[in-house]
Amino acid sequence: MEVERRKTKKYTFKSLKVEELRKLGSLIVDQDKFCSKYRRLLYLLKTNMKEGILSTLIQFYDPLYHCFIFPDYQLLSTLEEYSSIIGLPITGRIPFIGLEGYPKSHDIAKFTHLRKDEIENNMVTKGGLPGVPAQFLIERALSLSQERKEDDFEAIFSLLVYGFFLFSNINNFADMNAIKIFMKGNLVPTLLENTYYSIYLRNSYGKGMITCCTPLLYKWYISHLPNTNDFWDLKEG
């Protein structure tokens, strides 16, 4: 009996420019202190993804069952697994639904350690959402690092990670949704929802590219690979 061959699809993933973020991350003076406050952001940034791994995984996504179906088993990422990878709790967080009003400049300033006038002078609108350009945030972070203002630098660096790595909607732009998620601290449920929404949209309708945080999806997937010598080099930590 001839086995039916699975038809493969070609997927495109949003390119995440992490090199500049990694360079900024190397300027953190006390990484243990940073991790105690912002958890495993640096861990995700250091992910070196093997080419083809995610493309292979997504071939097995089933839009009907909303999971990855293999010949002998099914895989479904969970809140608990994402929570473990990121190092943030699931409970005790205000849910982010995207319908919240825009926070005031002075509230953003409190969380980002920027001045109120800096936010107001650099706030622009792209794709229908207000936000802050990458160039301004990067230059401000570098300046604060040189001034040895560690807490201020780390706050802006973390916002950069949220805006250009975890929730990269528009290139080189931290939109208001990323800023609101950063302020709420509601990271795990939103990232999991983003993952499935992006894959489902691309798989079911062939629209656009997969824009979820692919290093996070990659970390989750390789944690389920067999613990053999053939796969050990994929688990780079």
# chains A, B, ... in the order shown; residues from 1 in each chain; ligands from 1
>>> closest_atom_pairs(of="range 132-234 of chain A", to="range 39-49 of chain A", cutoff="8 Å", atoms="only C-alpha atoms", output="JSON lines")
{"residue": "A:Ser158", "atom": "CA", "partner": "A:Leu41", "partner_atom": "CA", "distance": 7.8}
{"residue": "A:Val161", "atom": "CA", "partner": "A:Leu41", "partner_atom": "CA", "distance": 7.4}
{"residue": "A:Pro215", "atom": "CA", "partner": "A:Thr47", "partner_atom": "CA", "distance": 6.2}
{"residue": "A:Leu216", "atom": "CA", "partner": "A:Leu44", "partner_atom": "CA", "distance": 6.7}
{"residue": "A:Tyr218", "atom": "CA", "partner": "A:Met49", "partner_atom": "CA", "distance": 7.0}
{"residue": "A:Lys219", "atom": "CA", "partner": "A:Thr47", "partner_atom": "CA", "distance": 7.8}
>>> select_by_dssp(residues="range 65-155 of chain A", states="strand (DSSP E)", output="number ranges by chain")
A: 67-69, 74-75, 124-126, 129-133
>>> atom_distance(atom1="CA of Asn194 in chain A", atom2="CA of Cys212 in chain A")
5.7 Å
>>> atom_distance(atom1="CA of Ile119 in chain A", atom2="CA of Cys213 in chain A")
26.0 Å
>>> residues_around(residues="Thr195 in chain A", least_positions_apart="2", cutoff="10 Å", atoms="only C-alpha atoms", output="PyMOL selection string")
chain A and resi 77+189-193+197-200+210-214+216-217
>>> write_last_selection(atoms="N, CA, C and O atoms", output="PDB file, in the first residue's frame")
ATOM      1  N   SER A  77       1.882  23.769  22.347  1.00  0.00           N
ATOM      2  CA  SER A  77       2.560  24.593  23.348  1.00  0.00           C
ATOM      3  C   SER A  77       1.550  25.134  24.343  1.00  0.00           C
ATOM      4  O   SER A  77       0.401  25.429  24.000  1.00  0.00           O
ATOM      5  N   PRO A 189       0.644  35.000  28.151  1.00  0.00           N
ATOM      6  CA  PRO A 189      -0.564  34.695  27.359  1.00  0.00           C
ATOM      7  C   PRO A 189      -0.562  35.379  25.999  1.00  0.00           C
ATOM      8  O   PRO A 189      -1.005  34.799  25.006  1.00  0.00           O
ATOM      9  N   THR A 190      -0.080  36.617  25.957  1.00  0.00           N
ATOM     10  CA  THR A 190      -0.083  37.364  24.701  1.00  0.00           C
ATOM     11  C   THR A 190       0.866  36.749  23.689  1.00  0.00           C
ATOM     12  O   THR A 190       0.558  36.670  22.495  1.00  0.00           O
ATOM     13  N   LEU A 191       2.025  36.295  24.145  1.00  0.00           N
ATOM     14  CA  LEU A 191       2.980  35.661  23.239  1.00  0.00           C
ATOM     15  C   LEU A 191       2.443  34.335  22.699  1.00  0.00           C
ATOM     16  O   LEU A 191       2.612  34.026  21.523  1.00  0.00           O
ATOM     17  N   LEU A 192       1.790  33.561  23.556  1.00  0.00           N
ATOM     18  CA  LEU A 192       1.234  32.284  23.104  1.00  0.00           C
ATOM     19  C   LEU A 192       0.124  32.522  22.084  1.00  0.00           C
ATOM     20  O   LEU A 192       0.051  31.841  21.049  1.00  0.00           O
ATOM     21  N   GLU A 193      -0.738  33.483  22.367  1.00  0.00           N
ATOM     22  CA  GLU A 193      -1.805  33.812  21.426  1.00  0.00           C
ATOM     23  C   GLU A 193      -1.230  34.305  20.095  1.00  0.00           C
ATOM     24  O   GLU A 193      -1.699  33.925  19.016  1.00  0.00           O
ATOM     25  N   TYR A 197      -1.958  32.609  16.428  1.00  0.00           N
ATOM     26  CA  TYR A 197      -2.658  33.472  15.479  1.00  0.00           C
ATOM     27  C   TYR A 197      -1.834  33.641  14.206  1.00  0.00           C
ATOM     28  O   TYR A 197      -2.355  33.535  13.083  1.00  0.00           O
ATOM     29  N   SER A 198      -0.539  33.881  14.368  1.00  0.00           N
ATOM     30  CA  SER A 198       0.332  34.103  13.218  1.00  0.00           C
ATOM     31  C   SER A 198       0.445  32.856  12.349  1.00  0.00           C
ATOM     32  O   SER A 198       0.342  32.920  11.120  1.00  0.00           O
ATOM     33  N   ILE A 199       0.630  31.702  12.986  1.00  0.00           N
ATOM     34  CA  ILE A 199       0.759  30.449  12.242  1.00  0.00           C
ATOM     35  C   ILE A 199      -0.562  30.079  11.570  1.00  0.00           C
ATOM     36  O   ILE A 199      -0.595  29.665  10.403  1.00  0.00           O
ATOM     37  N   TYR A 200      -1.658  30.232  12.308  1.00  0.00           N
ATOM     38  CA  TYR A 200      -2.971  29.891  11.758  1.00  0.00           C
ATOM     39  C   TYR A 200      -3.305  30.767  10.546  1.00  0.00           C
ATOM     40  O   TYR A 200      -3.771  30.276   9.512  1.00  0.00           O
ATOM     41  N   ILE A 210       5.069  34.687   8.871  1.00  0.00           N
ATOM     42  CA  ILE A 210       4.885  34.343  10.277  1.00  0.00           C
ATOM     43  C   ILE A 210       5.655  35.363  11.109  1.00  0.00           C
ATOM     44  O   ILE A 210       6.868  35.495  10.981  1.00  0.00           O
ATOM     45  N   THR A 211       4.928  36.109  11.933  1.00  0.00           N
ATOM     46  CA  THR A 211       5.521  37.251  12.620  1.00  0.00           C
ATOM     47  C   THR A 211       5.648  37.067  14.127  1.00  0.00           C
ATOM     48  O   THR A 211       6.004  38.000  14.833  1.00  0.00           O
ATOM     49  N   CYS A 212       5.319  35.889  14.654  1.00  0.00           N
ATOM     50  CA  CYS A 212       5.438  35.680  16.094  1.00  0.00           C
ATOM     51  C   CYS A 212       6.906  35.652  16.495  1.00  0.00           C
ATOM     52  O   CYS A 212       7.797  35.659  15.647  1.00  0.00           O
ATOM     53  N   CYS A 213       7.148  35.631  17.800  1.00  0.00           N
ATOM     54  CA  CYS A 213       8.528  35.574  18.286  1.00  0.00           C
ATOM     55  C   CYS A 213       9.096  34.184  18.007  1.00  0.00           C
ATOM     56  O   CYS A 213       8.958  33.263  18.809  1.00  0.00           O
ATOM     57  N   THR A 214       9.738  34.030  16.851  1.00  0.00           N
ATOM     58  CA  THR A 214      10.204  32.711  16.427  1.00  0.00           C
ATOM     59  C   THR A 214      11.259  32.097  17.358  1.00  0.00           C
ATOM     60  O   THR A 214      11.271  30.872  17.522  1.00  0.00           O
ATOM     61  N   LEU A 216      11.274  32.105  20.540  1.00  0.00           N
ATOM     62  CA  LEU A 216      10.515  31.483  21.620  1.00  0.00           C
ATOM     63  C   LEU A 216       9.884  30.182  21.147  1.00  0.00           C
ATOM     64  O   LEU A 216       9.941  29.144  21.829  1.00  0.00           O
ATOM     65  N   LEU A 217       9.276  30.204  19.961  1.00  0.00           N
ATOM     66  CA  LEU A 217       8.699  28.983  19.387  1.00  0.00           C
ATOM     67  C   LEU A 217       9.784  27.931  19.175  1.00  0.00           C
ATOM     68  O   LEU A 217       9.573  26.735  19.421  1.00  0.00           O
TER      69      LEU A 217
END
>>> atom_distance(atom1="CA of Phe96 in chain A", atom2="CA of Asn186 in chain A")
6.5 Å
>>> residues_around(residues="Ile170 in chain A", least_positions_apart="6", cutoff="12 Å", atoms="only C-alpha atoms", output="list in words")
Lys14, Ser15, Leu16, Thr125, Lys126, Gly127, Gly128, Leu129, Pro130, Gly131, Val132, Pro133, Ala134, Gly163, Phe164, Met176, Asn177, Ala178 and Thr211 of chain A
>>> select_by_dssp(residues="range 6-111 of chain A", states="alpha helix (DSSP H)", output="ChimeraX atom specification")
/A:19-25,31-38,41-45,53-58,79-86,105-111
>>> residues_around(residues="Ala109 in chain A", least_positions_apart="4", cutoff="12 Å", atoms="only C-alpha atoms", output="number ranges by chain")
A: 103-105, 113-120, 152, 155-156, 159, 179, 183
>>> closest_residue(among="A:Phe111, A:Leu225, A:Ile90, A:Asn169", to="Met209 in chain A", atoms="only C-alpha atoms")
A:Asn169
>>> closest_residue(among="A:Leu144, A:Lys10, A:Ile69, A:Phe157", to="Arg22 in chain A", atoms="only C-alpha atoms")
A:Phe157
>>> decode(residues="range 55-67 of chain A", atoms="N, CA, C and O atoms", output="compact mmCIF listing (two decimals), in the first residue's frame")
# COMPACT_ATOMS: atom_id res chain seq x y z
N SER A 55 10.63 25.71 9.89
CA SER A 55 9.91 25.43 8.64
C SER A 55 9.39 24.00 8.64
O SER A 55 8.27 23.73 8.17
N THR A 56 10.18 23.08 9.18
CA THR A 56 9.76 21.68 9.26
C THR A 56 8.61 21.53 10.25
O THR A 56 7.61 20.86 9.97
N LEU A 57 8.74 22.17 11.42
CA LEU A 57 7.68 22.08 12.43
C LEU A 57 6.33 22.53 11.88
O LEU A 57 5.32 21.84 12.04
N ILE A 58 6.32 23.66 11.20
CA ILE A 58 5.05 24.26 10.80
C ILE A 58 4.38 23.49 9.66
O ILE A 58 3.18 23.63 9.42
N GLN A 59 5.14 22.64 8.97
CA GLN A 59 4.51 21.75 7.98
C GLN A 59 3.46 20.86 8.65
O GLN A 59 2.52 20.40 7.99
N PHE A 60 3.61 20.61 9.94
CA PHE A 60 2.75 19.67 10.65
C PHE A 60 1.62 20.38 11.42
O PHE A 60 0.91 19.73 12.19
N TYR A 61 1.48 21.68 11.21
CA TYR A 61 0.41 22.40 11.91
C TYR A 61 -0.93 22.07 11.28
O TYR A 61 -1.09 22.09 10.06
N ASP A 62 -1.92 21.77 12.11
CA ASP A 62 -3.26 21.44 11.64
C ASP A 62 -4.21 22.57 12.05
O ASP A 62 -4.49 22.75 13.24
N PRO A 63 -4.71 23.35 11.08
CA PRO A 63 -5.59 24.48 11.39
C PRO A 63 -6.88 24.07 12.08
O PRO A 63 -7.46 24.84 12.84
N LEU A 64 -7.35 22.84 11.81
CA LEU A 64 -8.61 22.39 12.41
C LEU A 64 -8.45 22.15 13.90
O LEU A 64 -9.31 22.54 14.70
N TYR A 65 -7.35 21.49 14.29
CA TYR A 65 -7.14 21.14 15.69
C TYR A 65 -6.24 22.13 16.43
O TYR A 65 -6.01 21.99 17.63
N HIS A 66 -5.69 23.09 15.71
CA HIS A 66 -4.85 24.14 16.31
C HIS A 66 -3.66 23.55 17.07
O HIS A 66 -3.36 23.98 18.20
N CYS A 67 -3.03 22.58 16.48
CA CYS A 67 -1.83 22.01 17.08
C CYS A 67 -0.98 21.36 15.99
O CYS A 67 -1.37 21.33 14.83
